[in-house]
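Worksheet: the structure to be examined is printed underneath.
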Amino acid sequence: MGYHPNFFDKDEKSHRERGQLDIRLKLIENTNLGGTMLDVGCSGGYNSFALAKYFDSIYAFDMVPELIADAKKIALENKTNNLLFNMENLTENIKDLTKYDTILYLSTHHHVVGQNGIKKGGEILSKLFNKCNKVMFLDMGQKDEMCAEHRWWNILPFEKSDMWTSQHIETYTNIKPEKIGHTIIHNTKRFLWKIERQ
């Protein structure tokens with residue numbers, strides 16, 4: 001199922017980072033969740049399916065049609081009625097989004113920065129955070145992941161860039177983010193940030 005495994009397939013062993021996805025979910029679950037959620041760059045919907053029990057409604061989107069088709073099929077098969085999946089491009093459709101209590105912005109911002117540059121990527125982050133009522137969770141690729149085939153790798157300013165990420169988030173949201181844990185992606189710590197409105 002593309003990047004994310006099927007959340008409902010408990011026997012799934014092939015995805016080497018599934019354990020890291022579950023670590024990240026546990027960090028998110030330690031927050032007071034509820035109301036509405038937006039899952040930006042949802043891939044196959046793994047996070048949305050896992051967190052559906054906490055929310056009245058979830059809107060999840062990705063740019064890859066096959067992933068959205070798979071997520072819709074799984075939602076139908078498992079009668080997950082509070083989830084809506086759609087194929088959408090964040091940079092083109094951000095103005096059309098309504099407000100959400102919680103926003104997941106996971107493993108996506110580095111691609112936005114790679115496609116648009118640091119300043120424009122930051123402006124997109126700012127616009128997205130303006131759609132958030134309560135809390136946003138963000139993680140992003142790090143320079144030392146050595147993903148040379150991706151454009152974002154060359155744009156990030158320096159290795160060990162968690163300090164830069166914190167400053168970048170604060171610059172474009174006007175809130176100092178809280179580092180709440182990390183996962184290991186591409187053999188590198190990828191920190192999970194909580195950006196919470198007071």
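Simple scheme: letters A, B, ... for chains in structure tokens order, numbers from 1 for residues in each chain, numbers from 1 for ligands in the order shown.
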
Find the residues of region 113-149 of chain A that sit at most 8 Å from region 155-179 of chain A; for each, write down the nearest two atoms and how far apart they are in Å, to one decimal. Count only C-alpha atoms. Sort by chain, then by number going up, and give it as JSON lines.
```
{"residue": "A:Val113", "atom": "CA", "partner": "A:Ile155", "partner_atom": "CA", "distance": 7.6}
{"residue": "A:Gly114", "atom": "CA", "partner": "A:Ile155", "partner_atom": "CA", "distance": 6.3}
{"residue": "A:Gly117", "atom": "CA", "partner": "A:Ile155", "partner_atom": "CA", "distance": 7.1}
{"residue": "A:Ile118", "atom": "CA", "partner": "A:Ile155", "partner_atom": "CA", "distance": 7.4}
{"residue": "A:Gly122", "atom": "CA", "partner": "A:Tyr172", "partner_atom": "CA", "distance": 5.7}
{"residue": "A:Glu123", "atom": "CA", "partner": "A:Tyr172", "partner_atom": "CA", "distance": 6.6}
{"residue": "A:Leu125", "atom": "CA", "partner": "A:Tyr172", "partner_atom": "CA", "distance": 6.6}
{"residue": "A:Ser126", "atom": "CA", "partner": "A:Tyr172", "partner_atom": "CA", "distance": 5.0}
{"residue": "A:Phe129", "atom": "CA", "partner": "A:Thr173", "partner_atom": "CA", "distance": 6.5}
{"residue": "A:Gln142", "atom": "CA", "partner": "A:Ser161", "partner_atom": "CA", "distance": 6.0}
{"residue": "A:Lys143", "atom": "CA", "partner": "A:Glu159", "partner_atom": "CA", "distance": 4.8}
{"residue": "A:Asp144", "atom": "CA", "partner": "A:Glu159", "partner_atom": "CA", "distance": 5.2}
```

What are the closest atom pairs, with distances in Å to one decimal, for all residues of region 76-145 of chain A lying within 10 Å of region 29-35 of chain A? Consider only C-alpha atoms, order rows by chain and residue number, and present the result as a tab-separated table.
```
residue	atom	partner	partner_atom	distance
A:Tyr100	CA	A:Gly35	CA	7.9
A:Asp101	CA	A:Gly35	CA	6.1
A:Thr102	CA	A:Leu33	CA	7.6
A:Lys134	CA	A:Leu33	CA	9.4
A:Val135	CA	A:Leu33	CA	9.0
```

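The nearest approach to Phe7 (chain A) among the residues A:Asp70, A:Glu196, A:Asp56, A:Glu92, with only C-alpha atoms taken into account, belongs to A:Asp70.
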
Quiz item: Got a sec: who's within 10 Å of Ile23 (chain A), counting only C-alpha atoms, leaving out chain neighbours fewer than 5 positions off, as a PyMOL selection string?
Solution: chain A and resi 17-18+28-29+181-184

Those residues you just picked out, can you put them in a file as an mmCIF file, in the first residue's frame with C-alpha atoms?
```cif
data_model
loop_
_atom_site.group_PDB
_atom_site.id
_atom_site.type_symbol
_atom_site.label_atom_id
_atom_site.label_comp_id
_atom_site.auth_asym_id
_atom_site.auth_seq_id
_atom_site.Cartn_x
_atom_site.Cartn_y
_atom_site.Cartn_z
ATOM 1 C CA GLU A 17 9.410 1.525 9.592
ATOM 2 C CA ARG A 18 5.954 0.493 10.856
ATOM 3 C CA ILE A 28 0.594 12.049 19.602
ATOM 4 C CA GLU A 29 -1.887 10.005 21.655
ATOM 5 C CA GLY A 181 10.100 12.705 21.003
ATOM 6 C CA HIS A 182 11.634 11.197 17.903
ATOM 7 C CA THR A 183 11.544 8.321 15.489
ATOM 8 C CA ILE A 184 14.400 6.810 13.498
#
```

Quiz prompt | Those of region 3-190 of chain A in DSSP strand (DSSP E or B), formatted as an NGL selection string | solution = :A and (36-40 or 57-62 or 83-87 or 100-106 or 132-139 or 178-185 or 188-190)

Hey, can you spit out that residue selection with C-alpha atoms as an mmCIF file, in the first residue's frame?
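Result file is result34.cif:
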```
data_model
loop_
_atom_site.group_PDB
_atom_site.id
_atom_site.type_symbol
_atom_site.label_atom_id
_atom_site.label_comp_id
_atom_site.auth_asym_id
_atom_site.auth_seq_id
_atom_site.Cartn_x
_atom_site.Cartn_y
_atom_site.Cartn_z
ATOM 1 C CA THR A 36 -11.708 17.604 14.114
ATOM 2 C CA MET A 37 -8.407 16.632 12.531
ATOM 3 C CA LEU A 38 -6.629 17.377 9.255
ATOM 4 C CA ASP A 39 -4.022 14.887 7.999
ATOM 5 C CA VAL A 40 -1.807 16.626 5.428
ATOM 6 C CA SER A 57 -14.211 13.792 11.909
ATOM 7 C CA ILE A 58 -10.926 13.600 10.007
ATOM 8 C CA TYR A 59 -10.127 15.041 6.589
ATOM 9 C CA ALA A 60 -7.038 13.446 5.053
ATOM 10 C CA PHE A 61 -5.416 14.162 1.727
ATOM 11 C CA ASP A 62 -2.449 13.277 -0.408
ATOM 12 C CA LEU A 83 -12.828 9.712 7.771
ATOM 13 C CA LEU A 84 -12.872 11.513 4.443
ATOM 14 C CA PHE A 85 -9.963 10.938 2.041
ATOM 15 C CA ASN A 86 -9.299 13.143 -0.971
ATOM 16 C CA MET A 87 -6.598 13.709 -3.570
ATOM 17 C CA TYR A 100 -9.337 22.017 12.372
ATOM 18 C CA ASP A 101 -8.633 21.358 16.037
ATOM 19 C CA THR A 102 -5.624 19.161 15.281
ATOM 20 C CA ILE A 103 -3.397 19.101 12.225
ATOM 21 C CA LEU A 104 -0.965 16.301 11.383
ATOM 22 C CA TYR A 105 1.819 17.580 9.148
ATOM 23 C CA LEU A 106 4.054 14.535 9.192
ATOM 24 C CA CYS A 132 -5.308 25.103 13.291
ATOM 25 C CA ASN A 133 -7.473 25.752 16.368
ATOM 26 C CA LYS A 134 -5.449 23.821 18.948
ATOM 27 C CA VAL A 135 -2.376 21.804 18.042
ATOM 28 C CA MET A 136 -0.227 20.832 15.083
ATOM 29 C CA PHE A 137 2.207 17.914 15.000
ATOM 30 C CA LEU A 138 5.112 18.252 12.577
ATOM 31 C CA ASP A 139 8.134 16.184 11.727
ATOM 32 C CA GLU A 178 7.911 21.559 21.893
ATOM 33 C CA LYS A 179 10.110 18.605 20.954
ATOM 34 C CA ILE A 180 8.067 15.647 22.268
ATOM 35 C CA GLY A 181 10.100 12.705 21.003
ATOM 36 C CA HIS A 182 11.634 11.197 17.903
ATOM 37 C CA THR A 183 11.544 8.321 15.489
ATOM 38 C CA ILE A 184 14.400 6.810 13.498
ATOM 39 C CA ILE A 185 14.012 7.394 9.765
ATOM 40 C CA THR A 188 18.604 9.337 11.720
ATOM 41 C CA LYS A 189 16.575 10.874 14.555
ATOM 42 C CA ARG A 190 13.578 12.682 13.113
#
```

Quiz item: Looking at only C-alpha atoms, which of A:Val112, A:Leu25, A:Leu192, A:Cys42 is the one that sits closest to Ala71 (chain A)?
Solution: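 Comparing A:Val112, A:Leu25, A:Leu192, A:Cys42 against Ala71 (chain A), the winner is A:Cys42.
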
Self-check item: helix (DSSP H, G or I) positions in region 17-195 of chain A, given as a ChimeraX atom specification
Solution: /A:18-29,46-54,65-77,90-96,109-116,118-129,143-145,151-155,162-173

Quiz item: Which of these residues is nearest to Ile94 (chain A), using only C-alpha atoms: A:Pro65, A:Thr108, A:Lys127, A:Lys119?
Solution: A:Lys127

Exercise. State, in Å with one decimal place, the distance from CA of Asn6 (chain A) to CA of Met140 (chain A).
Key: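 Answer for the CA of Asn6 (chain A) to CA of Met140 (chain A) separation: 22.1 Å.
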
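Rounded to one decimal, CA of Lys53 (chain A) and CA of Asn81 (chain A) lie 10.6 Å from each other.
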